[in-house]
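Visitor: Questions regarding the structure given below will be posed in turn.
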Amino acid sequence: MNSNVENLPPHVIRLVYKEVSSLAADPPEGVKIYPNEEDLSDLHASIEGPEGTPFAGGVFRMRLVLGKDFPASPPKGYFLTKIFHPNVGPSGEICVNVLKRDWRAELGIRHILLTIRCLLIHPNPESALNPEAGRLLLEGYPAFASRARLLTEIHAIGGAEGGGPPQPKKHAGERGSRGVGGGGSGKKKGGEKKRALRRL
């Protein structure tokens, strides 16, 4: 299992540890962070789908991977829970400016998590990693919202309670099981919806 933590300078490790501890004690609204004490460079979090969006009621698990150049370079962000969103690619990779050209070293992990949650409220079809989601959104919000809501019900609702993040359905963005806890109680309901989804 690759870890970047030994590549991070001690002052960066201290900085990350301080921010992660602050986030765990005082998380942003709708966000929970699950620190990995063995590897601070691999941060797991869950984001609640904002009310008034097709993601409402869902809990979306994600991870931020800090590279050896952090904070000079932005982390890479991935959704582990499957989501139908124009700015999320097939392997869960997240396309948002704060993780690319708008990144500045002084922006912290809290800012990234809040920006990603905002992306669930205001998707950007212009920089689509999921062309189908981008096309549907440009053609008309109701068609996009209907499809996004269906996938939210299948993959992100149920099994979110408990001491850890929800266990997502197997997603390409996750390299094997990280064992970060959680339960998966919504499987029966998910099975019926999965069969319906195959027909789409």
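If you're wondering about the labels, chains in the structure tokens are A, B, ... by order shown, residues count from 1 in each chain, ligands from 1 in order shown.
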What are the closest atom pairs, with distances in Å to one decimal, for all residues of region 11-108 of chain A lying within 9 Å of region 137-155 of chain A? Consider only C-alpha atoms, order rows by chain and residue number, and present the result as a Markdown table.
Guide:
```
| residue | atom | partner | partner_atom | distance |
| --- | --- | --- | --- | --- |
| A:Gly49 | CA | A:Thr152 | CA | 8.8 |
| A:Thr53 | CA | A:Ala145 | CA | 7.6 |
| A:Pro54 | CA | A:Arg149 | CA | 4.6 |
| A:Phe55 | CA | A:Thr152 | CA | 5.8 |
| A:Ala56 | CA | A:Thr152 | CA | 8.1 |
| A:Gly57 | CA | A:Thr152 | CA | 8.1 |
| A:Gly58 | CA | A:Thr152 | CA | 5.9 |
| A:Val59 | CA | A:Thr152 | CA | 8.5 |
| A:Phe60 | CA | A:His155 | CA | 8.6 |
| A:Thr81 | CA | A:His155 | CA | 6.6 |
| A:Lys82 | CA | A:His155 | CA | 6.1 |
| A:Ile83 | CA | A:Leu151 | CA | 6.4 |
| A:Phe84 | CA | A:Ala148 | CA | 5.0 |
| A:His85 | CA | A:Ala148 | CA | 7.0 |
| A:Pro86 | CA | A:Leu137 | CA | 8.0 |
```
Visitor: Write out as a list in words each polymer residue whose atoms come within 10 Å of Glu6 (chain A), counting only C-alpha atoms; drop sequence neighbours fewer than 6 positions from it.
Guide: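 Final neighbour list, sorted by chain and number: Ile13, Asp39, Leu40, Ser41 and Lys68 of chain A.
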Visitor: Could you dump the residues just selected with N, CA and C atoms as a short mmCIF file (atom, residue, chain, number, x, y, z; two decimals), in the first residue's frame?
Guide:
```cif
data_model
loop_
_atom_site.label_atom_id
_atom_site.label_comp_id
_atom_site.auth_asym_id
_atom_site.auth_seq_id
_atom_site.Cartn_x
_atom_site.Cartn_y
_atom_site.Cartn_z
N ILE A 13 3.57 17.63 7.93
CA ILE A 13 2.84 16.62 8.71
C ILE A 13 2.18 17.27 9.92
N ASP A 39 -1.76 7.06 8.18
CA ASP A 39 -1.33 7.73 6.95
C ASP A 39 -2.12 9.02 6.78
N LEU A 40 -1.56 10.12 7.29
CA LEU A 40 -2.24 11.42 7.21
C LEU A 40 -2.34 11.94 5.78
N SER A 41 -1.59 11.33 4.85
CA SER A 41 -1.65 11.80 3.46
C SER A 41 -2.85 11.23 2.72
N LYS A 68 3.54 14.31 -2.37
CA LYS A 68 4.76 14.69 -1.62
C LYS A 68 5.05 16.18 -1.73
#
```
Visitor: Hey, what's within 10 Å of Glu38 (chain A) if we count only C-alpha atoms and toss same-chain stuff fewer than 3 positions away? As a list in words, please?
Guide: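 Returned residues: Ser3, Val5, Pro35, Ser41 and Asp42 of chain A.
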Visitor: Could those residues be written to a file, using all heavy atoms, as a CSV table (one decimal), in the first residue's frame?
Guide:
```csv
chain,number,residue,atom,x,y,z
A,3,SER,N,2.1,4.9,0.6
A,3,SER,CA,1.8,6.0,1.5
A,3,SER,C,2.8,7.2,1.2
A,3,SER,O,4.0,7.0,1.0
A,3,SER,CB,2.0,5.6,2.9
A,3,SER,OG,2.1,6.7,3.8
A,5,VAL,N,3.1,9.7,3.3
A,5,VAL,CA,3.3,10.4,4.5
A,5,VAL,C,4.8,10.5,4.8
A,5,VAL,O,5.3,11.5,5.3
A,5,VAL,CB,2.5,9.8,5.7
A,5,VAL,CG1,3.1,8.5,6.2
A,5,VAL,CG2,2.3,10.8,6.8
A,35,PRO,N,-10.1,10.7,10.2
A,35,PRO,CA,-8.6,10.8,10.1
A,35,PRO,C,-8.0,9.3,10.0
A,35,PRO,O,-8.5,8.4,10.7
A,35,PRO,CB,-8.1,11.5,11.4
A,35,PRO,CG,-9.4,12.1,11.9
A,35,PRO,CD,-10.5,11.3,11.4
A,41,SER,N,-1.6,11.3,4.8
A,41,SER,CA,-1.6,11.8,3.5
A,41,SER,C,-2.9,11.2,2.7
A,41,SER,O,-3.1,11.6,1.6
A,41,SER,CB,-0.4,11.4,2.7
A,41,SER,OG,-0.3,10.0,2.5
A,42,ASP,N,-3.6,10.3,3.4
A,42,ASP,CA,-4.8,9.7,2.7
A,42,ASP,C,-6.0,10.0,3.6
A,42,ASP,O,-6.2,9.3,4.6
A,42,ASP,CB,-4.5,8.2,2.6
A,42,ASP,CG,-5.7,7.5,1.8
A,42,ASP,OD1,-6.5,8.2,1.2
A,42,ASP,OD2,-5.7,6.3,1.8
```
Visitor: Within 9 Å of region 15-25 of chain A, counting only C-alpha atoms, which residues show up once you throw out same-chain ones fewer than 4 positions away? Write them as a JSON list (two decimals) with N, CA and C atoms, in the first residue's frame, please.
Guide:
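around_22.json, written as the output of this step:
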```json
[["chain", "number", "residue", "atom", "x", "y", "z"],
["A", 10, "PRO", "N", 8.43, 17.15, 7.95],
["A", 10, "PRO", "CA", 7.82, 17.16, 9.30],
["A", 10, "PRO", "C", 6.90, 18.35, 9.55],
["A", 11, "HIS", "N", 7.27, 19.56, 9.07],
["A", 11, "HIS", "CA", 6.42, 20.72, 9.34],
["A", 11, "HIS", "C", 5.08, 20.60, 8.61],
["A", 32, "LYS", "N", -18.09, 15.22, 7.35],
["A", 32, "LYS", "CA", -17.40, 14.54, 8.45],
["A", 32, "LYS", "C", -16.07, 14.06, 7.92],
["A", 33, "ILE", "N", -15.04, 14.16, 8.75],
["A", 33, "ILE", "CA", -13.73, 13.68, 8.33],
["A", 33, "ILE", "C", -13.33, 12.50, 9.20],
["A", 34, "TYR", "N", -12.70, 11.51, 8.59],
["A", 34, "TYR", "CA", -12.29, 10.30, 9.28],
["A", 34, "TYR", "C", -10.77, 10.19, 9.17],
["A", 35, "PRO", "N", -10.05, 10.74, 10.17],
["A", 35, "PRO", "CA", -8.59, 10.76, 10.07],
["A", 35, "PRO", "C", -8.01, 9.34, 10.03],
["A", 37, "GLU", "N", -4.87, 7.78, 11.10],
["A", 37, "GLU", "CA", -3.70, 8.13, 11.90],
["A", 37, "GLU", "C", -2.44, 7.44, 11.39],
["A", 40, "LEU", "N", -1.56, 10.12, 7.29],
["A", 40, "LEU", "CA", -2.24, 11.42, 7.21],
["A", 40, "LEU", "C", -2.34, 11.94, 5.78],
["A", 41, "SER", "N", -1.59, 11.33, 4.85],
["A", 41, "SER", "CA", -1.65, 11.80, 3.46],
["A", 41, "SER", "C", -2.85, 11.23, 2.72],
["A", 43, "LEU", "N", -6.69, 11.07, 3.36],
["A", 43, "LEU", "CA", -7.79, 11.52, 4.23],
["A", 43, "LEU", "C", -9.13, 11.06, 3.68],
["A", 108, "GLY", "N", -6.70, 25.58, 2.78],
["A", 108, "GLY", "CA", -6.57, 24.36, 3.58],
["A", 108, "GLY", "C", -7.56, 23.28, 3.15],
["A", 109, "ILE", "N", -7.52, 22.20, 3.90],
["A", 109, "ILE", "CA", -8.38, 21.04, 3.62],
["A", 109, "ILE", "C", -9.85, 21.40, 3.82],
["A", 110, "ARG", "N", -10.13, 22.23, 4.83],
["A", 110, "ARG", "CA", -11.51, 22.67, 5.08],
["A", 110, "ARG", "C", -12.09, 23.35, 3.84]]
```
Visitor: Measuring between only C-alpha atoms, which one of A:Ile47, A:Ile116, A:Leu136, A:Leu99 shows the shortest distance to Lys76 (chain A)?
Guide: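 Of A:Ile47, A:Ile116, A:Leu136, A:Leu99, the one nearest Lys76 (chain A) is A:Leu99, counting only C-alpha atoms.
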Visitor: Counting only C-alpha atoms, what is within 9 Å of Cys118 (chain A), bar same-chain residues fewer than 5 positions away, as a CSV table (one decimal) with N, CA and C atoms, in the first residue's frame?
Guide:
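After the write, around.csv holds the following:
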```csv
chain,number,residue,atom,x,y,z
A,50,PRO,N,-26.6,18.0,-0.2
A,50,PRO,CA,-27.3,19.2,0.3
A,50,PRO,C,-28.8,19.2,0.0
A,113,LEU,N,-13.0,20.8,1.1
A,113,LEU,CA,-14.2,20.0,1.4
A,113,LEU,C,-15.4,20.9,1.2
A,123,PRO,N,-23.3,22.2,-10.0
A,123,PRO,CA,-22.4,21.5,-10.9
A,123,PRO,C,-22.0,22.4,-12.1
```
Visitor: Could you pull out the strand (DSSP E or B) residues of region 35-165 of chain A, going by DSSP on the backbone, and write them as a list in words?
Guide: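 DSSP-assigned strand (DSSP E or B) residues in region 35-165 of chain A: Asp42, Leu43, His44, Ala45, Ser46, Ile47, Glu48, Val59, Phe60, Arg61, Met62, Arg63, Leu64, Val65, Lys76, Gly77, Tyr78, Phe79, Val88, Glu93 and Ile94 of chain A.
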Visitor: Selected residues, C-alpha atoms, written as a PDB file, in the first residue's frame, please.
Guide:
```pdb
ATOM      1  CA  ASP A  42      -4.786   9.708   2.744  1.00  0.00           C
ATOM      2  CA  LEU A  43      -7.786  11.519   4.231  1.00  0.00           C
ATOM      3  CA  HIS A  44     -11.293  10.077   4.140  1.00  0.00           C
ATOM      4  CA  ALA A  45     -14.428  12.163   4.538  1.00  0.00           C
ATOM      5  CA  SER A  46     -18.150  11.921   3.942  1.00  0.00           C
ATOM      6  CA  ILE A  47     -20.330  14.668   2.507  1.00  0.00           C
ATOM      7  CA  GLU A  48     -24.093  14.850   3.012  1.00  0.00           C
ATOM      8  CA  VAL A  59     -24.007  10.391   2.139  1.00  0.00           C
ATOM      9  CA  PHE A  60     -21.066  10.425  -0.263  1.00  0.00           C
ATOM     10  CA  ARG A  61     -17.755   9.034   0.844  1.00  0.00           C
ATOM     11  CA  MET A  62     -14.622  10.587  -0.611  1.00  0.00           C
ATOM     12  CA  ARG A  63     -10.878  10.757  -0.132  1.00  0.00           C
ATOM     13  CA  LEU A  64      -8.164  13.356  -0.536  1.00  0.00           C
ATOM     14  CA  VAL A  65      -4.663  12.118  -1.366  1.00  0.00           C
ATOM     15  CA  LYS A  76      -6.108  14.732  -5.590  1.00  0.00           C
ATOM     16  CA  GLY A  77      -9.792  14.258  -4.746  1.00  0.00           C
ATOM     17  CA  TYR A  78     -11.927  11.165  -5.399  1.00  0.00           C
ATOM     18  CA  PHE A  79     -15.506  10.196  -4.659  1.00  0.00           C
ATOM     19  CA  VAL A  88     -16.885  13.467 -11.298  1.00  0.00           C
ATOM     20  CA  GLU A  93     -11.862  11.704  -9.783  1.00  0.00           C
ATOM     21  CA  ILE A  94     -13.132  15.215  -9.013  1.00  0.00           C
TER      22      ILE A  94
END
```
Visitor: Taking into account only C-alpha atoms, which residue in the set A:Ser73, A:Ser91, A:Asn7, A:Thr115 is nearest to Trp103 (chain A)?
Guide: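 That would be A:Ser73, the residue with the smallest distance to Trp103 (chain A).
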Visitor: Excluding same-chain residues fewer than 6 positions from Val96 (chain A), what lies within 9 Å of it counting only C-alpha atoms, as a list of chain:residue names?
Guide: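 That gives A:Asn87, A:Asp102, A:Thr115, A:Ile116, A:Leu119, A:Asn124, A:Ser127.
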Visitor: Could you dump the residues just selected with all heavy atoms as a PDB file, in the first residue's frame?
Guide:
```
ATOM      1  N   ASN A  87     -18.944  16.729 -12.929  1.00  0.00           N
ATOM      2  CA  ASN A  87     -17.550  16.999 -12.571  1.00  0.00           C
ATOM      3  C   ASN A  87     -16.877  15.850 -11.827  1.00  0.00           C
ATOM      4  O   ASN A  87     -15.841  16.042 -11.188  1.00  0.00           O
ATOM      5  CB  ASN A  87     -17.468  18.287 -11.747  1.00  0.00           C
ATOM      6  CG  ASN A  87     -18.190  19.432 -12.433  1.00  0.00           C
ATOM      7  OD1 ASN A  87     -19.191  19.919 -11.936  1.00  0.00           O
ATOM      8  ND2 ASN A  87     -17.736  19.829 -13.610  1.00  0.00           N
ATOM      9  N   ASP A 102      -6.750  27.018  -9.485  1.00  0.00           N
ATOM     10  CA  ASP A 102      -7.033  27.996  -8.428  1.00  0.00           C
ATOM     11  C   ASP A 102      -6.374  27.634  -7.094  1.00  0.00           C
ATOM     12  O   ASP A 102      -6.599  28.313  -6.096  1.00  0.00           O
ATOM     13  CB  ASP A 102      -8.555  28.135  -8.212  1.00  0.00           C
ATOM     14  CG  ASP A 102      -9.227  28.840  -9.384  1.00  0.00           C
ATOM     15  OD1 ASP A 102      -8.505  29.363 -10.257  1.00  0.00           O
ATOM     16  OD2 ASP A 102     -10.470  28.860  -9.430  1.00  0.00           O
ATOM     17  N   THR A 115     -15.680  23.407  -0.853  1.00  0.00           N
ATOM     18  CA  THR A 115     -15.806  23.636  -2.294  1.00  0.00           C
ATOM     19  C   THR A 115     -16.432  22.432  -2.979  1.00  0.00           C
ATOM     20  O   THR A 115     -17.291  22.569  -3.862  1.00  0.00           O
ATOM     21  CB  THR A 115     -14.429  23.953  -2.918  1.00  0.00           C
ATOM     22  OG1 THR A 115     -13.886  25.102  -2.261  1.00  0.00           O
ATOM     23  CG2 THR A 115     -14.542  24.232  -4.402  1.00  0.00           C
ATOM     24  N   ILE A 116     -16.019  21.227  -2.566  1.00  0.00           N
ATOM     25  CA  ILE A 116     -16.575  20.008  -3.171  1.00  0.00           C
ATOM     26  C   ILE A 116     -18.056  19.879  -2.817  1.00  0.00           C
ATOM     27  O   ILE A 116     -18.876  19.505  -3.663  1.00  0.00           O
ATOM     28  CB  ILE A 116     -15.760  18.773  -2.740  1.00  0.00           C
ATOM     29  CG1 ILE A 116     -14.374  18.838  -3.403  1.00  0.00           C
ATOM     30  CG2 ILE A 116     -16.472  17.476  -3.138  1.00  0.00           C
ATOM     31  CD1 ILE A 116     -13.387  17.812  -2.896  1.00  0.00           C
ATOM     32  N   LEU A 119     -19.976  22.040  -5.024  1.00  0.00           N
ATOM     33  CA  LEU A 119     -20.072  21.466  -6.368  1.00  0.00           C
ATOM     34  C   LEU A 119     -21.334  20.606  -6.512  1.00  0.00           C
ATOM     35  O   LEU A 119     -21.887  20.471  -7.599  1.00  0.00           O
ATOM     36  CB  LEU A 119     -18.827  20.624  -6.648  1.00  0.00           C
ATOM     37  CG  LEU A 119     -18.437  20.371  -8.099  1.00  0.00           C
ATOM     38  CD1 LEU A 119     -18.157  21.671  -8.835  1.00  0.00           C
ATOM     39  CD2 LEU A 119     -17.222  19.457  -8.164  1.00  0.00           C
ATOM     40  N   ASN A 124     -20.868  22.090 -12.681  1.00  0.00           N
ATOM     41  CA  ASN A 124     -20.377  22.889 -13.807  1.00  0.00           C
ATOM     42  C   ASN A 124     -20.280  22.012 -15.061  1.00  0.00           C
ATOM     43  O   ASN A 124     -19.319  21.274 -15.236  1.00  0.00           O
ATOM     44  CB  ASN A 124     -19.009  23.490 -13.468  1.00  0.00           C
ATOM     45  CG  ASN A 124     -18.433  24.284 -14.619  1.00  0.00           C
ATOM     46  OD1 ASN A 124     -19.115  24.563 -15.605  1.00  0.00           O
ATOM     47  ND2 ASN A 124     -17.167  24.636 -14.512  1.00  0.00           N
ATOM     48  N   SER A 127     -16.961  21.921 -17.623  1.00  0.00           N
ATOM     49  CA  SER A 127     -15.717  21.143 -17.468  1.00  0.00           C
ATOM     50  C   SER A 127     -16.083  19.721 -17.046  1.00  0.00           C
ATOM     51  O   SER A 127     -15.684  19.247 -15.996  1.00  0.00           O
ATOM     52  CB  SER A 127     -14.797  21.795 -16.430  1.00  0.00           C
ATOM     53  OG  SER A 127     -15.441  21.883 -15.173  1.00  0.00           O
TER      54      SER A 127
END
```
